[in-house]
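> Following this message is one structure expressed as structure tokens.
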Amino acid sequence: MRTIKGPGIFLAQFAGDNAPFNSLPAIAGYMAGLGYKGLQIPSWDARLFDLALAAQSQTYCDEIIGMLAEKGLAITELSTHLQGQLVAVHPAYDAQFDGFTIPQMRGNPDARQAWAVDQLKLAAVASRRLGLTTHASFSGALAWPYMYPWPQRPAGLVEQAFDELARRWRPILDVFDENGVDIGYEIHPGEDLHDGVTFEMFLDRVGNHPRANILYDPSHFVLQCLDYLQFIDIYHDRIKCFHVKDAEFRPSGRSGVYGGYQNWVDRPGRFRSLGDGQVDFPQIFSKMAQYDFAGWAVLEWECALKHPEQGAAEGAPFIDRHIIRVTEHAFDDFAAGGADAALNRALMGLR
């Protein structure tokens, strides 16, 4: 068994226009000072990272690796959550998701999708140049508006949506395979891959592609009332990335899992800073150790109540406390009698 790497932190929610959050060297120094050892980098944020240059220039990648190493940091994964979302967009969300792309692609869904696909392929090459073997992303969604349908869905709609989703992703997965990098799809409401069943539907349609894997985030399962511990038992072979994020679900007589269109702070299900919610992290980290998870434990901070800087400061020691240094021997080895085939046969009454 291997000890999980960490603590890491996803920079997307912390990047900003003011120092120290407006450049990779500055935010890296800040996070290192809080005790983080790894950074998950949002590849779309030009204040922190140049994705096209990273795919083209080994020198640029080596400079980033060296700069972070001087601060005691490594890159956990690159993220293409925004670009991955744009691989598959239902027309109902065109206007809202246009903000995820560059200005010249807005108002043109076909051009926007082509740009997103190219971004994913650049991320595969950049990840290889950076020495990474995992990548974090979203799947996008074509069927999500029909998740809880009235009137009922036409026969075959969901199947056709997943056929199309797989058709779009298969060439991207092949590029990631050529570069030796796994995609961890964050299993997330709003995406067509939002639970185990939908991940299996997708996996079947991409031919059980070895690069089609999972970013595990228990907070999204708390809000769906899904057994997030059993999920690890079922899918541990496909879990390649891990967001450490807390959540709580406290239904009332007025609102439940759909949240009543309320703001995050008023919903029965809401994300919380680490330790403030209901997620059973000791059991999660135990299962990750049990199944020999080889990746990073990465804080994703999303809380409607607590200031992000407090969440970040509390997150590093929280993760560090939960990482299990796996044992190298059994606890009862002191009583071992060694291997003796004759003794074993005698103990079973065999001659």
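Letters for chains follow the order of the structure tokens (A, B, ...), residue numbers begin at 1 for each chain, and ligand numbers begin at 1 in the order shown.
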Looking only at the backbone, which of the residues in region 49-254 of chain A does DSSP tag as alpha helix (DSSP H), as a PyMOL selection string?
chain A and resi 51-56+58-70+81-85+94-97+109-129+157-178+196-205+218-222+228-235
> Dump C-alpha atoms for the selected residues as a short mmCIF file (atom, residue, chain, number, x, y, z; two decimals), in the first residue's frame?

```cif
data_model
loop_
_atom_site.label_atom_id
_atom_site.label_comp_id
_atom_site.auth_asym_id
_atom_site.auth_seq_id
_atom_site.Cartn_x
_atom_site.Cartn_y
_atom_site.Cartn_z
CA LEU A 51 -1.88 26.10 -21.37
CA ALA A 52 -0.91 26.54 -25.03
CA LEU A 53 2.67 27.41 -24.09
CA ALA A 54 2.89 24.46 -21.71
CA ALA A 55 1.82 22.09 -24.49
CA GLN A 56 4.44 23.58 -26.79
CA GLN A 58 9.24 21.87 -22.33
CA THR A 59 11.33 24.79 -21.10
CA TYR A 60 8.24 26.59 -19.78
CA CYS A 61 7.09 23.42 -18.03
CA ASP A 62 10.51 22.82 -16.50
CA GLU A 63 10.60 26.40 -15.22
CA ILE A 64 7.24 25.94 -13.49
CA ILE A 65 8.31 22.63 -11.98
CA GLY A 66 11.54 24.19 -10.71
CA MET A 67 9.87 27.30 -9.31
CA LEU A 68 7.36 25.20 -7.38
CA ALA A 69 10.01 22.76 -6.18
CA GLU A 70 11.96 25.66 -4.65
CA HIS A 81 -13.27 21.83 -15.63
CA LEU A 82 -14.48 24.80 -17.67
CA GLN A 83 -13.25 23.48 -21.01
CA GLY A 84 -14.54 19.97 -20.29
CA GLN A 85 -17.97 21.44 -19.60
CA ASP A 94 -25.59 28.24 -24.28
CA ALA A 95 -25.74 31.80 -22.98
CA GLN A 96 -24.59 30.89 -19.49
CA PHE A 97 -21.65 28.77 -20.63
CA PRO A 109 -21.65 26.80 -30.13
CA ASP A 110 -19.84 24.77 -32.79
CA ALA A 111 -16.71 26.95 -32.62
CA ARG A 112 -16.88 26.93 -28.83
CA GLN A 113 -16.99 23.13 -28.74
CA ALA A 114 -14.09 22.82 -31.20
CA TRP A 115 -12.06 25.21 -29.03
CA ALA A 116 -12.87 23.15 -25.93
CA VAL A 117 -11.79 19.91 -27.59
CA ASP A 118 -8.52 21.51 -28.64
CA GLN A 119 -8.01 22.76 -25.08
CA LEU A 120 -8.40 19.23 -23.72
CA LYS A 121 -5.87 17.89 -26.21
CA LEU A 122 -3.43 20.64 -25.25
CA ALA A 123 -3.95 19.68 -21.61
CA ALA A 124 -3.00 16.08 -22.36
CA VAL A 125 0.31 17.15 -23.89
CA ALA A 126 0.98 19.77 -21.19
CA SER A 127 0.33 17.19 -18.48
CA ARG A 128 2.88 14.85 -20.01
CA ARG A 129 5.45 17.64 -20.26
CA LEU A 157 -33.36 10.22 -25.50
CA VAL A 158 -30.91 9.43 -22.70
CA GLU A 159 -29.29 6.62 -24.67
CA GLN A 160 -28.74 8.90 -27.66
CA ALA A 161 -27.37 11.64 -25.42
CA PHE A 162 -24.78 9.26 -23.97
CA ASP A 163 -23.94 7.91 -27.42
CA GLU A 164 -23.17 11.47 -28.51
CA LEU A 165 -21.25 12.27 -25.33
CA ALA A 166 -19.07 9.21 -25.87
CA ARG A 167 -18.57 10.08 -29.54
CA ARG A 168 -17.23 13.50 -28.57
CA TRP A 169 -14.97 12.26 -25.79
CA ARG A 170 -13.49 9.14 -27.40
CA PRO A 171 -10.93 11.03 -29.57
CA ILE A 172 -9.96 13.16 -26.57
CA LEU A 173 -9.45 10.07 -24.44
CA ASP A 174 -7.25 8.61 -27.15
CA VAL A 175 -5.00 11.70 -27.05
CA PHE A 176 -4.74 11.38 -23.28
CA ASP A 177 -3.84 7.72 -23.76
CA GLU A 178 -1.08 8.66 -26.23
CA GLY A 196 -22.18 5.67 -10.55
CA VAL A 197 -24.91 4.60 -12.97
CA THR A 198 -24.23 7.46 -15.38
CA PHE A 199 -20.47 6.89 -15.20
CA GLU A 200 -21.05 3.24 -16.11
CA MET A 201 -23.28 4.25 -19.04
CA PHE A 202 -20.50 6.47 -20.35
CA LEU A 203 -17.76 3.94 -19.67
CA ASP A 204 -19.63 1.27 -21.60
CA ARG A 205 -19.98 3.58 -24.61
CA PRO A 218 -17.85 13.09 -1.52
CA SER A 219 -19.59 16.44 -1.11
CA HIS A 220 -21.58 15.94 -4.32
CA PHE A 221 -22.78 12.57 -3.07
CA VAL A 222 -23.93 13.95 0.29
CA TYR A 228 -20.18 7.90 -0.78
CA LEU A 229 -18.28 5.18 1.12
CA GLN A 230 -19.76 2.30 -0.86
CA PHE A 231 -18.97 4.30 -4.00
CA ILE A 232 -15.27 3.85 -3.19
CA ASP A 233 -15.79 0.11 -2.70
CA ILE A 234 -17.42 -0.15 -6.13
CA TYR A 235 -15.29 2.21 -8.21
#
```
> Quote the spacing between CA of Gly338 (chain A) and CA of Arg351 (chain A) in Å to one decimal place.
20.1 Å
> If you run DSSP on the backbone, which residues of region 199-283 of chain A are strand (DSSP E), as a short mmCIF file (atom, residue, chain, number, x, y, z; two decimals) with N, CA and C atoms, in the first residue's frame?

```
data_model
loop_
_atom_site.label_atom_id
_atom_site.label_comp_id
_atom_site.auth_asym_id
_atom_site.auth_seq_id
_atom_site.Cartn_x
_atom_site.Cartn_y
_atom_site.Cartn_z
N ALA A 212 -10.58 6.75 -19.07
CA ALA A 212 -11.83 7.32 -18.57
C ALA A 212 -11.99 6.93 -17.11
N ASN A 213 -11.73 7.88 -16.21
CA ASN A 213 -11.70 7.58 -14.79
C ASN A 213 -12.46 8.63 -13.99
N ILE A 214 -12.28 8.63 -12.68
CA ILE A 214 -13.13 9.39 -11.77
C ILE A 214 -12.31 10.33 -10.91
N LEU A 215 -12.83 11.55 -10.76
CA LEU A 215 -12.41 12.45 -9.69
C LEU A 215 -13.46 12.30 -8.59
N TYR A 216 -13.04 11.79 -7.46
CA TYR A 216 -13.95 11.50 -6.35
C TYR A 216 -14.08 12.71 -5.45
N ILE A 239 -10.94 5.42 -9.54
CA ILE A 239 -10.74 6.71 -8.86
C ILE A 239 -9.26 7.10 -8.97
N LYS A 240 -9.02 8.18 -9.68
CA LYS A 240 -7.64 8.64 -9.92
C LYS A 240 -7.35 10.00 -9.30
N CYS A 241 -8.39 10.78 -9.00
CA CYS A 241 -8.24 12.10 -8.38
C CYS A 241 -9.18 12.19 -7.19
N PHE A 242 -8.87 13.06 -6.25
CA PHE A 242 -9.61 13.12 -4.99
C PHE A 242 -9.72 14.57 -4.53
N HIS A 243 -10.93 15.12 -4.54
CA HIS A 243 -11.20 16.43 -3.95
C HIS A 243 -11.70 16.22 -2.52
N VAL A 244 -11.01 16.82 -1.59
CA VAL A 244 -11.40 16.75 -0.19
C VAL A 244 -12.30 17.96 0.08
N ASP A 246 -16.07 19.17 2.08
CA ASP A 246 -17.11 18.82 3.04
C ASP A 246 -18.46 19.34 2.58
N ALA A 247 -19.52 18.77 3.14
CA ALA A 247 -20.88 19.18 2.82
C ALA A 247 -21.81 18.74 3.92
N GLU A 248 -23.02 19.27 3.88
CA GLU A 248 -24.05 18.85 4.82
C GLU A 248 -25.39 18.82 4.10
N PHE A 249 -26.28 17.95 4.57
CA PHE A 249 -27.64 17.89 4.02
C PHE A 249 -28.61 17.84 5.19
N GLY A 269 -29.03 21.31 1.37
CA GLY A 269 -27.74 20.72 1.01
C GLY A 269 -26.78 21.82 0.59
N ARG A 270 -25.66 21.93 1.28
CA ARG A 270 -24.71 22.98 0.95
C ARG A 270 -23.29 22.51 1.27
N PHE A 271 -22.33 23.07 0.54
CA PHE A 271 -20.93 22.75 0.77
C PHE A 271 -20.42 23.52 1.99
N ARG A 272 -19.47 22.90 2.69
CA ARG A 272 -18.90 23.52 3.88
C ARG A 272 -17.38 23.40 3.86
#
```
> Contacts of Thr134 (chain A) at 6 Å or less, counting only C-alpha atoms, minus same-chain residues fewer than 5 places along, as number ranges by chain?
A: 77, 181-183
> Figure out the distance between CA of Ile4 (chain A) and CA of Pro308 (chain A), please, to one decimal in Å.
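Separation of CA of Pro308 (chain A) and CA of Ile4 (chain A): 24.3 Å.
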> Just how far from CA of Lys287 (chain A) is CA of Thr133 (chain A), in Å to one decimal?
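A separation of 21.7 Å between them.
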> Find the spatial neighbours of region 17-24 of chain A, counting only C-alpha atoms, within a cut-off of 10 Å - ignore same-chain residues fewer than 6 positions away - and output them as a PyMOL selection string.
chain A and resi 11+30-31+39+41+45-49+64+67-68
> Here is a test: counting only C-alpha atoms, which residue of A:Lys71, A:Gln40, A:Asp227, A:Arg254 is nearest to Pro25 (chain A)?
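Among the listed residues, A:Lys71 lies closest to Pro25 (chain A).
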